[in-house]
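Structure first, commentary second.
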Amino acid sequence: MQGFKRKLVYASLFEGMAIVFTTVGLTVFAGHDSAHSSAVAVASSTIAFLWNFIFNGLFERWEARQPRRGRNFARRAAHAIGFEGGLVVMLVPLFAWWLEIGLWDALVLDFGLIVFFMTYTYLFNLLFDRIFGLPSSALPLDVPPGPAARVR
């Protein structure tokens, strides 16, 4: 699976699960009621869904120009850090406003989510690539996309 379809399936699965994790995390660890937590989880996931398309498009464009193909630990870690770093800039002000807390408290709250989501992003990408194969940007130039492109 390649192109827009891959990005749509990826982002939908990723953010659907993220809404559940964020709602539970904010309810249990931050002490907010589940309705308030789920609303901010949906808002943050909507932002992350859009960021997902933008960031992954840029990342795959960069990745396609690299002389070394594939996705090793360093490339996967760079992807997770870059994606989550962009979200910090967007979500900390949202959390501060929505949860009626200061920016510092929102950053501390977001830090807990960042630690969780960096791990989640790394593992989700690994599993997604194993199930659906690598994107064309990570394939060796002589391997066509398809079942043979599965991550080993």
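As shown in the structure tokens, the chain order sets the letters A, B, ...; within each chain, residues go from 1, and ligands are also counted from 1 in the order they appear.
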
Checklist entry - Skipping near chain neighbours, those fewer than 4 positions away, what residues fall within 12 Å of Gly85 (chain A) using only C-alpha atoms, listed as a list in words? => result Ala48, Trp51, Phe55, Ala77, Ala78, His79, Ala80, Ile81, Val89, Met90, Leu91, Val92, Leu107, Asp110, Phe111, Leu113, Ile114, Val115, Phe117 and Met118 of chain A

With N, CA and C atoms retained, write the just-selected residues as a PDB file, in the first residue's frame.
ATOM      1  N   ALA A  48      -3.105  16.359  15.374  1.00  0.00           N
ATOM      2  CA  ALA A  48      -2.066  15.369  15.071  1.00  0.00           C
ATOM      3  C   ALA A  48      -2.340  14.658  13.744  1.00  0.00           C
ATOM      4  N   TRP A  51      -1.192  17.048  11.115  1.00  0.00           N
ATOM      5  CA  TRP A  51       0.266  17.113  11.206  1.00  0.00           C
ATOM      6  C   TRP A  51       0.881  15.825  10.655  1.00  0.00           C
ATOM      7  N   PHE A  55       3.773  16.037   8.108  1.00  0.00           N
ATOM      8  CA  PHE A  55       5.091  15.569   8.528  1.00  0.00           C
ATOM      9  C   PHE A  55       5.522  14.337   7.741  1.00  0.00           C
ATOM     10  N   ALA A  77      13.783   6.543  14.968  1.00  0.00           N
ATOM     11  CA  ALA A  77      13.852   7.442  16.132  1.00  0.00           C
ATOM     12  C   ALA A  77      13.742   8.896  15.675  1.00  0.00           C
ATOM     13  N   ALA A  78      14.426   9.257  14.590  1.00  0.00           N
ATOM     14  CA  ALA A  78      14.344  10.625  14.063  1.00  0.00           C
ATOM     15  C   ALA A  78      12.906  10.951  13.656  1.00  0.00           C
ATOM     16  N   HIS A  79      12.222   9.981  13.065  1.00  0.00           N
ATOM     17  CA  HIS A  79      10.829  10.180  12.678  1.00  0.00           C
ATOM     18  C   HIS A  79       9.963  10.437  13.904  1.00  0.00           C
ATOM     19  N   ALA A  80      10.099   9.613  14.926  1.00  0.00           N
ATOM     20  CA  ALA A  80       9.288   9.758  16.142  1.00  0.00           C
ATOM     21  C   ALA A  80       9.571  11.087  16.839  1.00  0.00           C
ATOM     22  N   ILE A  81      10.837  11.445  16.956  1.00  0.00           N
ATOM     23  CA  ILE A  81      11.212  12.708  17.629  1.00  0.00           C
ATOM     24  C   ILE A  81      10.717  13.916  16.836  1.00  0.00           C
ATOM     25  N   VAL A  89       4.805  21.899  19.967  1.00  0.00           N
ATOM     26  CA  VAL A  89       4.610  23.306  19.634  1.00  0.00           C
ATOM     27  C   VAL A  89       3.121  23.620  19.455  1.00  0.00           C
ATOM     28  N   MET A  90       2.372  22.672  18.916  1.00  0.00           N
ATOM     29  CA  MET A  90       0.958  22.910  18.653  1.00  0.00           C
ATOM     30  C   MET A  90       0.056  22.581  19.841  1.00  0.00           C
ATOM     31  N   LEU A  91       0.416  21.547  20.605  1.00  0.00           N
ATOM     32  CA  LEU A  91      -0.515  21.054  21.624  1.00  0.00           C
ATOM     33  C   LEU A  91      -0.378  21.694  22.994  1.00  0.00           C
ATOM     34  N   VAL A  92       0.802  22.150  23.371  1.00  0.00           N
ATOM     35  CA  VAL A  92       0.965  22.748  24.702  1.00  0.00           C
ATOM     36  C   VAL A  92       0.010  23.932  24.888  1.00  0.00           C
ATOM     37  N   LEU A 107       3.038  22.014  29.624  1.00  0.00           N
ATOM     38  CA  LEU A 107       4.268  21.400  29.107  1.00  0.00           C
ATOM     39  C   LEU A 107       4.624  20.152  29.908  1.00  0.00           C
ATOM     40  N   ASP A 110       2.179  17.561  28.908  1.00  0.00           N
ATOM     41  CA  ASP A 110       2.515  17.108  27.563  1.00  0.00           C
ATOM     42  C   ASP A 110       3.786  16.266  27.565  1.00  0.00           C
ATOM     43  N   PHE A 111       4.709  16.554  28.486  1.00  0.00           N
ATOM     44  CA  PHE A 111       5.934  15.763  28.560  1.00  0.00           C
ATOM     45  C   PHE A 111       5.609  14.290  28.831  1.00  0.00           C
ATOM     46  N   LEU A 113       2.853  12.791  28.039  1.00  0.00           N
ATOM     47  CA  LEU A 113       2.283  12.279  26.793  1.00  0.00           C
ATOM     48  C   LEU A 113       3.360  12.071  25.738  1.00  0.00           C
ATOM     49  N   ILE A 114       4.343  12.981  25.700  1.00  0.00           N
ATOM     50  CA  ILE A 114       5.428  12.867  24.713  1.00  0.00           C
ATOM     51  C   ILE A 114       6.220  11.587  24.927  1.00  0.00           C
ATOM     52  N   VAL A 115       6.581  11.318  26.171  1.00  0.00           N
ATOM     53  CA  VAL A 115       7.344  10.097  26.465  1.00  0.00           C
ATOM     54  C   VAL A 115       6.552   8.872  26.013  1.00  0.00           C
ATOM     55  N   PHE A 117       4.022   8.818  23.776  1.00  0.00           N
ATOM     56  CA  PHE A 117       3.764   8.805  22.345  1.00  0.00           C
ATOM     57  C   PHE A 117       5.015   8.621  21.494  1.00  0.00           C
ATOM     58  N   MET A 118       6.183   8.985  21.981  1.00  0.00           N
ATOM     59  CA  MET A 118       7.398   8.677  21.210  1.00  0.00           C
ATOM     60  C   MET A 118       7.584   7.167  21.124  1.00  0.00           C
TER      61      MET A 118
END

Checklist entry - What are the DSSP helix (DSSP H, G or I) residues of chain A, as a PyMOL selection string? => result chain A and resi 3-29+34-64+73-98+103-132+136-138+147-149

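The two atoms in question, CA of Ala106 (chain A) and CA of Ser45 (chain A), are spaced 16.2 Å apart.
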
Checklist outcome for this item: For Ala74 (chain A), the closest of A:Leu58, A:Gly86, A:Tyr122, A:Ala96 counting only C-alpha atoms is A:Tyr122

Give me the residues of region 14-79 of chain A that have any atom at most 8 Å from an atom of region 124-135 of chain A; for each, the nearest atom pair and the distance in Å, rounded to one decimal. Use only C-alpha atoms, sort by chain and number, and format it as a Markdown table.
| residue | atom | partner | partner_atom | distance |
| --- | --- | --- | --- | --- |
| A:Phe14 | CA | A:Phe124 | CA | 7.4 |
| A:Glu60 | CA | A:Pro135 | CA | 8.0 |
| A:Gly70 | CA | A:Leu134 | CA | 7.9 |
| A:Arg76 | CA | A:Asn125 | CA | 7.8 |

Next on the checklist: Quick check, in Å to one decimal: how far apart do CA of Phe49 (chain A) and CA of Ala11 (chain A) lie?
Outcome noted: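 CA of Ala11 (chain A) lies at a distance of 5.9 Å from CA of Phe49 (chain A).
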
Next on the checklist: I need the residue nearest Glu63 (chain A) from this list: A:Val28, A:Leu139, A:Leu103, A:Val40. Use only C-alpha atoms for the distance.
Outcome noted: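 That would be A:Leu139, the residue with the smallest distance to Glu63 (chain A).
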
Checklist entry - CA of Ser37 (chain A) to CA of Thr23 (chain A): how many Å, to one decimal? => result 5.0 Å

Next on the checklist: I'd like to know which of A:Val42, A:Leu13, A:Ile47, A:Val20 is closest to Glu84 (chain A), using only C-alpha atoms.
Outcome noted: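 Among the listed residues, the smallest separation from Glu84 (chain A) belongs to A:Ile47.
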
Checklist entry - Leaving out Ser12 (chain A) and any residue of its chain fewer than 5 positions from it, which residues lie within 10 Å of it when counting only C-alpha atoms, given as a PyMOL selection string? => result chain A and resi 6-7+17-18+45+49+52

Take the residues from that selection and write them out as an mmCIF file, in the first residue's frame, keeping N, CA, C and O atoms.
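Dumped to part-v9.cif:
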data_model
loop_
_atom_site.group_PDB
_atom_site.id
_atom_site.type_symbol
_atom_site.label_atom_id
_atom_site.label_comp_id
_atom_site.auth_asym_id
_atom_site.auth_seq_id
_atom_site.Cartn_x
_atom_site.Cartn_y
_atom_site.Cartn_z
ATOM 1 N N ARG A 6 -2.132 4.846 1.874
ATOM 2 C CA ARG A 6 -1.275 4.430 2.990
ATOM 3 C C ARG A 6 -1.317 5.472 4.104
ATOM 4 O O ARG A 6 -1.457 5.139 5.272
ATOM 5 N N LYS A 7 -1.180 6.744 3.735
ATOM 6 C CA LYS A 7 -1.185 7.813 4.736
ATOM 7 C C LYS A 7 -2.528 7.887 5.466
ATOM 8 O O LYS A 7 -2.578 8.116 6.674
ATOM 9 N N MET A 17 -6.361 5.094 17.928
ATOM 10 C CA MET A 17 -5.795 4.518 19.151
ATOM 11 C C MET A 17 -5.290 5.623 20.081
ATOM 12 O O MET A 17 -5.407 5.508 21.305
ATOM 13 N N ALA A 18 -4.771 6.705 19.518
ATOM 14 C CA ALA A 18 -4.254 7.812 20.334
ATOM 15 C C ALA A 18 -5.368 8.478 21.140
ATOM 16 O O ALA A 18 -5.143 8.893 22.286
ATOM 17 N N SER A 45 -5.978 14.991 18.684
ATOM 18 C CA SER A 45 -5.816 13.992 17.629
ATOM 19 C C SER A 45 -6.154 14.552 16.257
ATOM 20 O O SER A 45 -5.563 14.146 15.258
ATOM 21 N N PHE A 49 -3.616 14.419 13.430
ATOM 22 C CA PHE A 49 -3.989 13.776 12.166
ATOM 23 C C PHE A 49 -3.512 14.628 10.992
ATOM 24 O O PHE A 49 -2.886 14.132 10.047
ATOM 25 N N ASN A 52 0.212 14.705 10.900
ATOM 26 C CA ASN A 52 0.671 13.411 10.420
ATOM 27 C C ASN A 52 0.845 13.429 8.899
ATOM 28 O O ASN A 52 1.878 13.002 8.382
#

Item to check | Minimum-distance residue to Leu123 (chain A), chosen among A:Ala30, A:Phe73, A:Phe59, A:Leu99 (using only C-alpha atoms) | outcome: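 Closest to Leu123 (chain A) of all the choices is A:Phe73.
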
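Considering the residues A:Asp33, A:Gly57, A:Ala43, A:Phe116 and counting only C-alpha atoms, Gln2 (chain A) has its shortest atom-to-atom contact with A:Gly57.
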
Checklist entry - For Val24 (chain A), which of A:Thr46, A:Asn72, A:Ser38, A:Thr121 is the closest residue, counting only C-alpha atoms? => result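 Nearest to Val24 (chain A): A:Ser38.
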